[in-house]
Amino acid sequence: MLPPNEPEAAGHDELQGIGSGEDRPPMDELALRPWLQQGEPARGAELETLGLTLYAGHPELSLVNLPTAFIESGVRVLKELGTYVLAGGVLEDGDIMQMRQDLPYLVGIHAVPPAGDDDLPVMRVVMLA
């Protein structure tokens with residue numbers, strides 16, 4: 001886990017730029033800054049499973065751009081999906097899955113190309129509803 005207050009975290013500089021008092025941008029501008037986009041890491045925390053590739057031959061699962069307040073919920077979602085995969089389930093690019101009641105109802109799965117030659121395949125979990 002890489003929280004957004006770490007200097008090397010995605011969006012760290014941007015979060016520092018939010019400022020306070022008179023230096024803070026107006027709320028209508030701040031409201032246009034999206035969270036939970038699962039493209040490139042831009043702000044917030046990054047969560048990723050470790051071991052699905054090794055133990056199940058399945059790409060790792062990740063969440064990026066996660067607000068700090070949602071880290072606990074994000075960990076629960078990844079644990080639930082990781083358990084599903086370790087029990088023999090397979091998640092594929094484009095899948096939409098209904099989760100149990102105490103988790104987000106619908107999540108999507110989006111394959112992400114490896115960033116480098118040494119990177120493992122990753123599938124991003126997209127919160128849909």
# chains A, B, ... in the order shown; residues from 1 in each chain; ligands from 1

call {"tool": "select_by_dssp", "arguments": {"residues": "range 37-111 of chain A", "states": "strand (DSSP E)", "output": "list in words"}}
result
Ala45, Glu46, Leu47, Glu48, Glu60, Leu61, Ser62, Leu63, Val64, Asn65, Leu66, Ile96, Met97, Gln98, Leu106, Val107, Gly108, Ile109, His110 and Ala111 of chain A

call {"tool": "atom_distance", "arguments": {"atom1": "CA of Met127 in chain A", "atom2": "CA of Gln38 in chain A"}}
result
8.9 Å

call {"tool": "closest_atom_pairs", "arguments": {"of": "range 35-79 of chain A", "to": "range 89-105 of chain A", "cutoff": "8 Å", "atoms": "only C-alpha atoms", "output": "JSON lines"}}
result
{"residue": "A:His58", "atom": "CA", "partner": "A:Val90", "partner_atom": "CA", "distance": 7.5}
{"residue": "A:Ser73", "atom": "CA", "partner": "A:Leu103", "partner_atom": "CA", "distance": 7.5}
{"residue": "A:Arg76", "atom": "CA", "partner": "A:Leu103", "partner_atom": "CA", "distance": 7.7}
{"residue": "A:Val77", "atom": "CA", "partner": "A:Leu103", "partner_atom": "CA", "distance": 6.7}

call {"tool": "write_last_selection", "arguments": {"atoms": "all heavy atoms", "output": "compact mmCIF listing (two decimals), in the first residue's frame"}}
result
# COMPACT_ATOMS: atom_id res chain seq x y z
N HIS A 58 -3.04 -16.08 -11.98
CA HIS A 58 -4.01 -15.04 -12.34
C HIS A 58 -3.35 -13.68 -12.17
O HIS A 58 -2.54 -13.50 -11.27
CB HIS A 58 -5.22 -15.16 -11.39
CG HIS A 58 -6.40 -14.35 -11.79
ND1 HIS A 58 -6.48 -12.99 -11.57
CD2 HIS A 58 -7.56 -14.70 -12.37
CE1 HIS A 58 -7.64 -12.55 -12.01
NE2 HIS A 58 -8.32 -13.57 -12.50
N SER A 73 -12.20 -0.08 2.99
CA SER A 73 -13.17 -0.69 2.07
C SER A 73 -12.48 -1.27 0.85
O SER A 73 -12.86 -2.35 0.36
CB SER A 73 -14.20 0.35 1.63
OG SER A 73 -14.93 0.81 2.74
N ARG A 76 -10.98 -4.58 1.70
CA ARG A 76 -12.01 -5.62 1.79
C ARG A 76 -12.42 -6.11 0.39
O ARG A 76 -12.61 -7.31 0.17
CB ARG A 76 -13.24 -5.10 2.55
CG ARG A 76 -13.04 -5.10 4.04
CD ARG A 76 -14.35 -4.96 4.81
NE ARG A 76 -15.42 -4.31 4.12
CZ ARG A 76 -15.95 -3.13 4.45
NH1 ARG A 76 -15.50 -2.47 5.47
NH2 ARG A 76 -16.95 -2.64 3.77
N VAL A 77 -12.57 -5.18 -0.54
CA VAL A 77 -12.95 -5.56 -1.91
C VAL A 77 -11.88 -6.45 -2.52
O VAL A 77 -12.17 -7.50 -3.10
CB VAL A 77 -13.20 -4.32 -2.78
CG1 VAL A 77 -13.29 -4.68 -4.26
CG2 VAL A 77 -14.46 -3.59 -2.35

call {"tool": "closest_residue", "arguments": {"among": "A:Gly44, A:Pro25, A:Gly82, A:Gly108", "to": "Ala69 in chain A", "atoms": "only C-alpha atoms"}}
result
A:Gly44

call {"tool": "residues_around", "arguments": {"residues": "Leu2 in chain A", "least_positions_apart": "5", "cutoff": "10 Å", "atoms": "only C-alpha atoms", "output": "PyMOL selection string"}}
result
chain A and resi 7-10+44-48+64

call {"tool": "atom_distance", "arguments": {"atom1": "CA of Lys79 in chain A", "atom2": "CA of Arg43 in chain A"}}
result
22.1 Å

call {"tool": "residues_around", "arguments": {"residues": "Leu54 in chain A", "least_positions_apart": "3", "cutoff": "12 Å", "atoms": "only C-alpha atoms", "output": "PDB file with N, CA, C and O atoms, in the first residue's frame"}}
result
ATOM      1  N   THR A  49      -3.029  -6.598  -4.893  1.00  0.00           N
ATOM      2  CA  THR A  49      -2.848  -7.923  -4.304  1.00  0.00           C
ATOM      3  C   THR A  49      -1.436  -8.414  -4.591  1.00  0.00           C
ATOM      4  O   THR A  49      -0.787  -7.966  -5.534  1.00  0.00           O
ATOM      5  N   LEU A  50      -0.982  -9.336  -3.769  1.00  0.00           N
ATOM      6  CA  LEU A  50       0.306  -9.998  -3.977  1.00  0.00           C
ATOM      7  C   LEU A  50       0.105 -11.489  -3.808  1.00  0.00           C
ATOM      8  O   LEU A  50      -0.374 -11.934  -2.777  1.00  0.00           O
ATOM      9  N   GLY A  51       0.415 -12.249  -4.829  1.00  0.00           N
ATOM     10  CA  GLY A  51       0.334 -13.699  -4.719  1.00  0.00           C
ATOM     11  C   GLY A  51      -0.630 -14.371  -5.665  1.00  0.00           C
ATOM     12  O   GLY A  51      -0.561 -15.584  -5.843  1.00  0.00           O
ATOM     13  N   GLY A  57      -1.928 -18.314 -10.846  1.00  0.00           N
ATOM     14  CA  GLY A  57      -1.660 -18.038 -12.258  1.00  0.00           C
ATOM     15  C   GLY A  57      -2.573 -16.972 -12.822  1.00  0.00           C
ATOM     16  O   GLY A  57      -2.843 -16.931 -14.014  1.00  0.00           O
ATOM     17  N   HIS A  58      -3.043 -16.078 -11.984  1.00  0.00           N
ATOM     18  CA  HIS A  58      -4.014 -15.044 -12.338  1.00  0.00           C
ATOM     19  C   HIS A  58      -3.353 -13.680 -12.174  1.00  0.00           C
ATOM     20  O   HIS A  58      -2.539 -13.496 -11.270  1.00  0.00           O
ATOM     21  N   PRO A  59      -3.672 -12.710 -13.030  1.00  0.00           N
ATOM     22  CA  PRO A  59      -3.102 -11.378 -12.820  1.00  0.00           C
ATOM     23  C   PRO A  59      -3.457 -10.825 -11.436  1.00  0.00           C
ATOM     24  O   PRO A  59      -4.516 -11.144 -10.881  1.00  0.00           O
ATOM     25  N   GLU A  60      -2.574 -10.000 -10.904  1.00  0.00           N
ATOM     26  CA  GLU A  60      -2.858  -9.331  -9.640  1.00  0.00           C
ATOM     27  C   GLU A  60      -4.003  -8.350  -9.849  1.00  0.00           C
ATOM     28  O   GLU A  60      -4.293  -7.930 -10.968  1.00  0.00           O
ATOM     29  N   VAL A  85     -10.634 -15.676  -6.543  1.00  0.00           N
ATOM     30  CA  VAL A  85      -9.648 -16.173  -7.500  1.00  0.00           C
ATOM     31  C   VAL A  85      -8.908 -17.382  -6.924  1.00  0.00           C
ATOM     32  O   VAL A  85      -8.722 -18.394  -7.605  1.00  0.00           O
ATOM     33  N   LEU A  86      -8.497 -17.303  -5.658  1.00  0.00           N
ATOM     34  CA  LEU A  86      -7.763 -18.417  -5.045  1.00  0.00           C
ATOM     35  C   LEU A  86      -8.622 -19.669  -4.908  1.00  0.00           C
ATOM     36  O   LEU A  86      -8.105 -20.783  -4.852  1.00  0.00           O
ATOM     37  N   LEU A 120       4.353  -7.511 -13.468  1.00  0.00           N
ATOM     38  CA  LEU A 120       3.376  -8.591 -13.603  1.00  0.00           C
ATOM     39  C   LEU A 120       2.098  -8.044 -14.225  1.00  0.00           C
ATOM     40  O   LEU A 120       1.795  -6.860 -14.092  1.00  0.00           O
ATOM     41  N   PRO A 121       1.307  -8.901 -14.878  1.00  0.00           N
ATOM     42  CA  PRO A 121       0.012  -8.440 -15.388  1.00  0.00           C
ATOM     43  C   PRO A 121      -0.904  -8.011 -14.242  1.00  0.00           C
ATOM     44  O   PRO A 121      -0.893  -8.632 -13.178  1.00  0.00           O
TER      45      PRO A 121
END

call {"tool": "select_by_dssp", "arguments": {"residues": "range 57-88 of chain A", "states": "helix (DSSP H, G or I)", "output": "list in words"}}
result
Thr68, Ala69, Phe70, Ile71, Glu72, Ser73, Gly74, Val75, Arg76, Val77, Leu78, Lys79, Glu80, Leu81, Gly82, Thr83, Tyr84, Val85 and Leu86 of chain A

call {"tool": "decode", "arguments": {"residues": "range 75-95 of chain A", "atoms": "N, CA and C atoms", "output": "compact mmCIF listing (two decimals), in the first residue's frame"}}
result
# COMPACT_ATOMS: atom_id res chain seq x y z
N VAL A 75 -9.44 -2.47 0.69
CA VAL A 75 -8.77 -3.71 1.10
C VAL A 75 -9.79 -4.85 1.17
N ARG A 76 -10.98 -4.58 1.70
CA ARG A 76 -12.01 -5.62 1.79
C ARG A 76 -12.42 -6.11 0.39
N VAL A 77 -12.57 -5.18 -0.54
CA VAL A 77 -12.95 -5.56 -1.91
C VAL A 77 -11.88 -6.45 -2.52
N LEU A 78 -10.61 -6.05 -2.39
CA LEU A 78 -9.54 -6.86 -2.97
C LEU A 78 -9.42 -8.22 -2.28
N LYS A 79 -9.64 -8.27 -0.97
CA LYS A 79 -9.61 -9.56 -0.26
C LYS A 79 -10.72 -10.48 -0.76
N GLU A 80 -11.91 -9.92 -0.93
CA GLU A 80 -13.04 -10.71 -1.41
C GLU A 80 -12.77 -11.26 -2.81
N LEU A 81 -12.29 -10.40 -3.70
CA LEU A 81 -12.00 -10.85 -5.07
C LEU A 81 -10.81 -11.80 -5.10
N GLY A 82 -9.79 -11.54 -4.28
CA GLY A 82 -8.64 -12.42 -4.21
C GLY A 82 -9.02 -13.81 -3.73
N THR A 83 -9.90 -13.88 -2.73
CA THR A 83 -10.39 -15.16 -2.23
C THR A 83 -11.15 -15.90 -3.32
N TYR A 84 -11.94 -15.17 -4.09
CA TYR A 84 -12.67 -15.76 -5.21
C TYR A 84 -11.69 -16.40 -6.21
N VAL A 85 -10.63 -15.68 -6.54
CA VAL A 85 -9.65 -16.17 -7.50
C VAL A 85 -8.91 -17.38 -6.92
N LEU A 86 -8.50 -17.30 -5.66
CA LEU A 86 -7.76 -18.42 -5.04
C LEU A 86 -8.62 -19.67 -4.91
N ALA A 87 -9.95 -19.48 -4.89
CA ALA A 87 -10.87 -20.63 -4.82
C ALA A 87 -11.16 -21.20 -6.21
N GLY A 88 -10.52 -20.65 -7.24
CA GLY A 88 -10.69 -21.19 -8.59
C GLY A 88 -11.43 -20.29 -9.55
N GLY A 89 -11.93 -19.15 -9.07
CA GLY A 89 -12.63 -18.21 -9.96
C GLY A 89 -11.66 -17.50 -10.88
N VAL A 90 -12.15 -17.06 -12.01
CA VAL A 90 -11.33 -16.35 -12.98
C VAL A 90 -12.01 -15.01 -13.29
N LEU A 91 -11.25 -13.94 -13.23
CA LEU A 91 -11.73 -12.62 -13.61
C LEU A 91 -11.08 -12.25 -14.93
N GLU A 92 -11.89 -11.77 -15.88
CA GLU A 92 -11.37 -11.42 -17.19
C GLU A 92 -11.69 -9.97 -17.50
N ASP A 93 -10.92 -9.40 -18.41
CA ASP A 93 -11.14 -8.02 -18.85
C ASP A 93 -12.58 -7.84 -19.33
N GLY A 94 -13.24 -6.84 -18.81
CA GLY A 94 -14.62 -6.55 -19.20
C GLY A 94 -15.67 -7.19 -18.31
N ASP A 95 -15.26 -8.05 -17.40
CA ASP A 95 -16.23 -8.67 -16.47
C ASP A 95 -16.88 -7.61 -15.59
